[in-house]
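*Asks:* Just passing along the structure, written as structure tokens.
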Amino acid sequence: MQVHHPVISPDFVITSATGEEQLLVEVKTWMPTPAQAQELRQNYGHPACYFLLATPDHMALWLPTQGEQPLVASAYSVDASLVLANYLTLERHPLQALDGQVFSLVVSSWLGSVMFKPARTLLDMPAQAWLVESGVHERIYRGYIHRERQLAK
């Protein structure tokens, strides 16, 4: 009897302009514990990619890992309301009040916007500079967003 393992995929896979997977994005309306966040990252089994966990409170970014190096805490953790302030009127629609689908759409809009902004523009935007400083922007610049795409093996 063959056992079928469920295929899991992140909410978004961002590829480079040439189609290589660069950034895995998981969107949650609740804040996972550090152990749950590590498990989410490990479940995708794609250590060569950046991993972004987006919640209404924080955006946490893990850098790609080298070989069997254990995962550590995120390299960047920024306030989601600062990052997403230009994409929603937060006074009328607080991030914490959004359902999962709406929050996911806001994150998708933000990603689509920053992927096409030059690095210099993002560096001049304090809430977005971490994308350039981390190196992720260079890898996703003018790339593509794929929703719930299976990862390449």
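Simple scheme: letters A, B, ... for chains in structure tokens order, numbers from 1 for residues in each chain, numbers from 1 for ligands in the order shown.
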Please, which residues of chain A, numbered as in this document, come out strand (DSSP E) from DSSP, as a list in words?

*Replies:*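 Reading the DSSP output for chain A, strand (DSSP E) covers Phe12, Val13, Ile14, Thr15, Glu21, Gln22, Leu23, Leu24, Val25, Glu26, Val27, Tyr50, Phe51, Leu52, Leu53, Ala54, His58, Met59, Ala60, Leu61, Trp62, Tyr76, Ser77, Val78, Asp79, Tyr144, Ile145, His146 and Arg147 of chain A.
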
*Asks:* Those selected residues, please, written with N, CA and C atoms and delivered as a PDB file, in the first residue's frame.

*Replies:*
```pdb
ATOM      1  N   PHE A  12       2.571  31.977  -0.992  1.00  0.00           N
ATOM      2  CA  PHE A  12       3.138  32.582  -2.203  1.00  0.00           C
ATOM      3  C   PHE A  12       4.551  32.072  -2.399  1.00  0.00           C
ATOM      4  N   VAL A  13       4.901  31.853  -3.654  1.00  0.00           N
ATOM      5  CA  VAL A  13       6.284  31.576  -4.029  1.00  0.00           C
ATOM      6  C   VAL A  13       6.672  32.700  -4.981  1.00  0.00           C
ATOM      7  N   ILE A  14       7.728  33.410  -4.624  1.00  0.00           N
ATOM      8  CA  ILE A  14       8.198  34.502  -5.470  1.00  0.00           C
ATOM      9  C   ILE A  14       9.418  33.998  -6.216  1.00  0.00           C
ATOM     10  N   THR A  15       9.375  34.140  -7.536  1.00  0.00           N
ATOM     11  CA  THR A  15      10.509  33.711  -8.345  1.00  0.00           C
ATOM     12  C   THR A  15      11.231  34.935  -8.901  1.00  0.00           C
ATOM     13  N   GLU A  21      12.971  29.946  -7.897  1.00  0.00           N
ATOM     14  CA  GLU A  21      12.314  30.224  -6.622  1.00  0.00           C
ATOM     15  C   GLU A  21      13.283  30.943  -5.691  1.00  0.00           C
ATOM     16  N   GLN A  22      12.830  32.058  -5.135  1.00  0.00           N
ATOM     17  CA  GLN A  22      13.691  32.893  -4.306  1.00  0.00           C
ATOM     18  C   GLN A  22      13.124  33.166  -2.916  1.00  0.00           C
ATOM     19  N   LEU A  23      11.807  33.330  -2.825  1.00  0.00           N
ATOM     20  CA  LEU A  23      11.173  33.738  -1.574  1.00  0.00           C
ATOM     21  C   LEU A  23       9.895  32.940  -1.373  1.00  0.00           C
ATOM     22  N   LEU A  24       9.782  32.296  -0.216  1.00  0.00           N
ATOM     23  CA  LEU A  24       8.565  31.592   0.168  1.00  0.00           C
ATOM     24  C   LEU A  24       7.845  32.468   1.183  1.00  0.00           C
ATOM     25  N   VAL A  25       6.554  32.666   1.008  1.00  0.00           N
ATOM     26  CA  VAL A  25       5.793  33.558   1.883  1.00  0.00           C
ATOM     27  C   VAL A  25       4.627  32.784   2.480  1.00  0.00           C
ATOM     28  N   GLU A  26       4.569  32.796   3.789  1.00  0.00           N
ATOM     29  CA  GLU A  26       3.450  32.189   4.518  1.00  0.00           C
ATOM     30  C   GLU A  26       2.710  33.326   5.210  1.00  0.00           C
ATOM     31  N   VAL A  27       1.402  33.400   5.001  1.00  0.00           N
ATOM     32  CA  VAL A  27       0.569  34.455   5.574  1.00  0.00           C
ATOM     33  C   VAL A  27      -0.337  33.827   6.627  1.00  0.00           C
ATOM     34  N   TYR A  50      14.714  32.444   0.638  1.00  0.00           N
ATOM     35  CA  TYR A  50      14.318  33.269   1.768  1.00  0.00           C
ATOM     36  C   TYR A  50      12.934  32.794   2.200  1.00  0.00           C
ATOM     37  N   PHE A  51      12.591  33.027   3.457  1.00  0.00           N
ATOM     38  CA  PHE A  51      11.275  32.657   3.959  1.00  0.00           C
ATOM     39  C   PHE A  51      10.707  33.847   4.723  1.00  0.00           C
ATOM     40  N   LEU A  52       9.502  34.275   4.344  1.00  0.00           N
ATOM     41  CA  LEU A  52       8.837  35.401   4.984  1.00  0.00           C
ATOM     42  C   LEU A  52       7.561  34.913   5.632  1.00  0.00           C
ATOM     43  N   LEU A  53       7.431  35.178   6.915  1.00  0.00           N
ATOM     44  CA  LEU A  53       6.204  34.900   7.650  1.00  0.00           C
ATOM     45  C   LEU A  53       5.529  36.244   7.891  1.00  0.00           C
ATOM     46  N   ALA A  54       4.350  36.403   7.294  1.00  0.00           N
ATOM     47  CA  ALA A  54       3.622  37.665   7.414  1.00  0.00           C
ATOM     48  C   ALA A  54       2.412  37.463   8.314  1.00  0.00           C
ATOM     49  N   HIS A  58       3.668  41.261  12.651  1.00  0.00           N
ATOM     50  CA  HIS A  58       5.066  41.298  12.225  1.00  0.00           C
ATOM     51  C   HIS A  58       5.268  40.682  10.850  1.00  0.00           C
ATOM     52  N   MET A  59       6.331  41.126  10.228  1.00  0.00           N
ATOM     53  CA  MET A  59       6.872  40.458   9.045  1.00  0.00           C
ATOM     54  C   MET A  59       8.221  39.923   9.523  1.00  0.00           C
ATOM     55  N   ALA A  60       8.400  38.621   9.460  1.00  0.00           N
ATOM     56  CA  ALA A  60       9.650  38.003   9.889  1.00  0.00           C
ATOM     57  C   ALA A  60      10.294  37.336   8.684  1.00  0.00           C
ATOM     58  N   LEU A  61      11.561  37.642   8.456  1.00  0.00           N
ATOM     59  CA  LEU A  61      12.278  37.121   7.295  1.00  0.00           C
ATOM     60  C   LEU A  61      13.453  36.278   7.743  1.00  0.00           C
ATOM     61  N   TRP A  62      13.514  35.057   7.216  1.00  0.00           N
ATOM     62  CA  TRP A  62      14.657  34.175   7.430  1.00  0.00           C
ATOM     63  C   TRP A  62      15.485  34.171   6.160  1.00  0.00           C
ATOM     64  N   TYR A  76      15.281  39.251  10.256  1.00  0.00           N
ATOM     65  CA  TYR A  76      14.601  40.547  10.271  1.00  0.00           C
ATOM     66  C   TYR A  76      13.189  40.337  10.810  1.00  0.00           C
ATOM     67  N   SER A  77      12.762  41.222  11.682  1.00  0.00           N
ATOM     68  CA  SER A  77      11.397  41.232  12.176  1.00  0.00           C
ATOM     69  C   SER A  77      10.961  42.687  12.230  1.00  0.00           C
ATOM     70  N   VAL A  78       9.957  43.013  11.434  1.00  0.00           N
ATOM     71  CA  VAL A  78       9.512  44.406  11.333  1.00  0.00           C
ATOM     72  C   VAL A  78       8.016  44.483  11.607  1.00  0.00           C
ATOM     73  N   ASP A  79       7.573  45.627  12.021  1.00  0.00           N
ATOM     74  CA  ASP A  79       6.174  45.882  12.330  1.00  0.00           C
ATOM     75  C   ASP A  79       5.360  45.861  11.034  1.00  0.00           C
ATOM     76  N   TYR A 144       8.166  37.163 -10.262  1.00  0.00           N
ATOM     77  CA  TYR A 144       6.777  36.754 -10.411  1.00  0.00           C
ATOM     78  C   TYR A 144       6.240  36.219  -9.086  1.00  0.00           C
ATOM     79  N   ILE A 145       4.951  36.463  -8.833  1.00  0.00           N
ATOM     80  CA  ILE A 145       4.272  35.942  -7.649  1.00  0.00           C
ATOM     81  C   ILE A 145       3.411  34.761  -8.084  1.00  0.00           C
ATOM     82  N   HIS A 146       3.579  33.640  -7.398  1.00  0.00           N
ATOM     83  CA  HIS A 146       2.774  32.454  -7.662  1.00  0.00           C
ATOM     84  C   HIS A 146       2.019  32.117  -6.377  1.00  0.00           C
ATOM     85  N   ARG A 147       0.731  31.948  -6.482  1.00  0.00           N
ATOM     86  CA  ARG A 147      -0.082  31.632  -5.303  1.00  0.00           C
ATOM     87  C   ARG A 147      -0.153  30.121  -5.131  1.00  0.00           C
TER      88      ARG A 147
END
```

*Asks:* Neighbouring residues of A:Glu133 were defined as those with any atom within 12 Å, considering only C-alpha atoms; residues of the same chain fewer than 3 positions away were excluded. Please report them as a PyMOL selection string.

*Replies:* chain A and resi 61+63+75-76+119-120+122-124+126-130+136-139

*Asks:* Applying 7 Å and only C-alpha atoms, which residues near A:Tyr141 remain after dropping the ones on its own chain fewer than 6 positions away? List them as a PyMOL selection string.

*Replies:* chain A and resi 16-17+115-116

*Asks:* Using only all heavy atoms, please write the residues we just selected to a file, as a short mmCIF file (atom, residue, chain, number, x, y, z; two decimals), in the first residue's frame.

*Replies:*
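Full text of selection_35.cif as output:
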```cif
data_model
loop_
_atom_site.label_atom_id
_atom_site.label_comp_id
_atom_site.auth_asym_id
_atom_site.auth_seq_id
_atom_site.Cartn_x
_atom_site.Cartn_y
_atom_site.Cartn_z
N SER A 16 12.46 34.71 -9.29
CA SER A 16 13.24 35.76 -9.92
C SER A 16 12.68 36.03 -11.31
O SER A 16 11.80 35.31 -11.80
CB SER A 16 14.70 35.32 -10.03
OG SER A 16 14.80 34.22 -10.93
N ALA A 17 13.21 37.03 -11.98
CA ALA A 17 12.78 37.35 -13.34
C ALA A 17 13.04 36.19 -14.28
O ALA A 17 12.37 36.05 -15.31
CB ALA A 17 13.49 38.61 -13.83
N MET A 115 8.38 44.50 -5.49
CA MET A 115 9.18 43.73 -6.45
C MET A 115 9.59 44.57 -7.65
O MET A 115 10.56 44.25 -8.33
CB MET A 115 8.38 42.52 -6.96
CG MET A 115 8.25 41.42 -5.96
SD MET A 115 7.13 40.12 -6.50
CE MET A 115 7.66 39.80 -8.15
N PHE A 116 8.83 45.64 -7.92
CA PHE A 116 9.11 46.44 -9.11
C PHE A 116 9.66 47.83 -8.78
O PHE A 116 9.88 48.62 -9.68
CB PHE A 116 7.85 46.54 -9.99
CG PHE A 116 7.58 45.23 -10.68
CD1 PHE A 116 6.77 44.28 -10.09
CD2 PHE A 116 8.19 44.94 -11.88
CE1 PHE A 116 6.54 43.06 -10.71
CE2 PHE A 116 7.98 43.72 -12.50
CZ PHE A 116 7.16 42.78 -11.92
#
```

*Asks:* Compile the contact shell of A:Pro64 as a ChimeraX atom specification: residues with an atom at most 6 Å away, counting only C-alpha atoms, same-chain residues fewer than 2 positions apart removed.

*Replies:* /A:47-50

*Asks:* Take the residues that were just selected and, keeping C-alpha atoms, output them as a PDB file, in the first residue's frame.

*Replies:*
```pdb
ATOM      1  CA  PRO A  47      16.689  26.023   2.370  1.00  0.00           C
ATOM      2  CA  ALA A  48      18.054  27.971  -0.627  1.00  0.00           C
ATOM      3  CA  CYS A  49      15.094  30.366  -0.479  1.00  0.00           C
ATOM      4  CA  TYR A  50      14.318  33.269   1.768  1.00  0.00           C
TER       5      TYR A  50
END
```

*Asks:* Could you tell me, as a ChimeraX atom specification, which residues of stretch 16-124 of chain A DSSP assigns to alpha helix (DSSP H) when given the backbone?

*Replies:* /A:34-44,80-84,100-114,119-123

*Asks:* Please save C-alpha atoms of the selected residues as a short mmCIF file (atom, residue, chain, number, x, y, z; two decimals), in the first residue's frame.

*Replies:*
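Output file result.cif follows:
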```cif
data_model
loop_
_atom_site.label_atom_id
_atom_site.label_comp_id
_atom_site.auth_asym_id
_atom_site.auth_seq_id
_atom_site.Cartn_x
_atom_site.Cartn_y
_atom_site.Cartn_z
CA PRO A 34 8.91 30.51 17.38
CA ALA A 35 8.77 26.71 17.24
CA GLN A 36 5.72 26.80 14.94
CA ALA A 37 7.43 29.36 12.69
CA GLN A 38 10.52 27.13 12.46
CA GLU A 39 8.31 24.14 11.63
CA LEU A 40 6.55 26.08 8.86
CA ARG A 41 9.91 26.98 7.34
CA GLN A 42 11.24 23.43 7.63
CA ASN A 43 8.09 21.90 6.13
CA TYR A 44 8.86 23.48 2.78
CA ALA A 80 3.62 44.80 9.70
CA SER A 81 1.55 47.97 10.12
CA LEU A 82 4.56 50.09 9.12
CA VAL A 83 5.33 47.86 6.13
CA LEU A 84 1.72 47.78 4.90
CA GLY A 100 -7.20 35.59 6.16
CA GLN A 101 -8.17 36.14 2.55
CA VAL A 102 -8.19 39.94 2.78
CA PHE A 103 -4.91 40.01 4.71
CA SER A 104 -3.37 37.72 2.09
CA LEU A 105 -4.50 40.08 -0.69
CA VAL A 106 -2.93 43.05 1.10
CA VAL A 107 0.36 41.14 1.46
CA SER A 108 0.18 40.16 -2.22
CA SER A 109 -0.36 43.80 -3.25
CA TRP A 110 2.60 44.89 -1.16
CA LEU A 111 4.83 42.18 -2.64
CA GLY A 112 3.77 43.07 -6.17
CA SER A 113 4.62 46.69 -5.53
CA VAL A 114 8.03 46.29 -3.87
CA ALA A 119 16.45 49.30 -4.59
CA ARG A 120 17.24 53.03 -4.19
CA THR A 121 13.54 53.80 -3.79
CA LEU A 122 13.11 51.12 -1.12
CA LEU A 123 16.20 52.31 0.77
#
```

*Asks:* Please, what distance in Å, to one decimal, runs between atom CA of A:His46 and atom CA of A:Glu20?

*Replies:*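 Interatomic distance here is 12.0 Å.
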
*Asks:* From the set A:Pro32, A:Ser134, A:Thr55, A:Arg149, which residue has the shortest atom-to-atom contact distance to A:Asp99, counting only C-alpha atoms?

*Replies:*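 Distance minimum relative to A:Asp99 lands on A:Thr55.
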
*Asks:* Return the single residue from A:Ser74, A:Pro10, A:Lys117, A:Tyr87 that is closest to A:Gly143, with distances computed using only C-alpha atoms.

*Replies:*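 Of A:Ser74, A:Pro10, A:Lys117, A:Tyr87, the one nearest A:Gly143, counting only C-alpha atoms, is A:Lys117.
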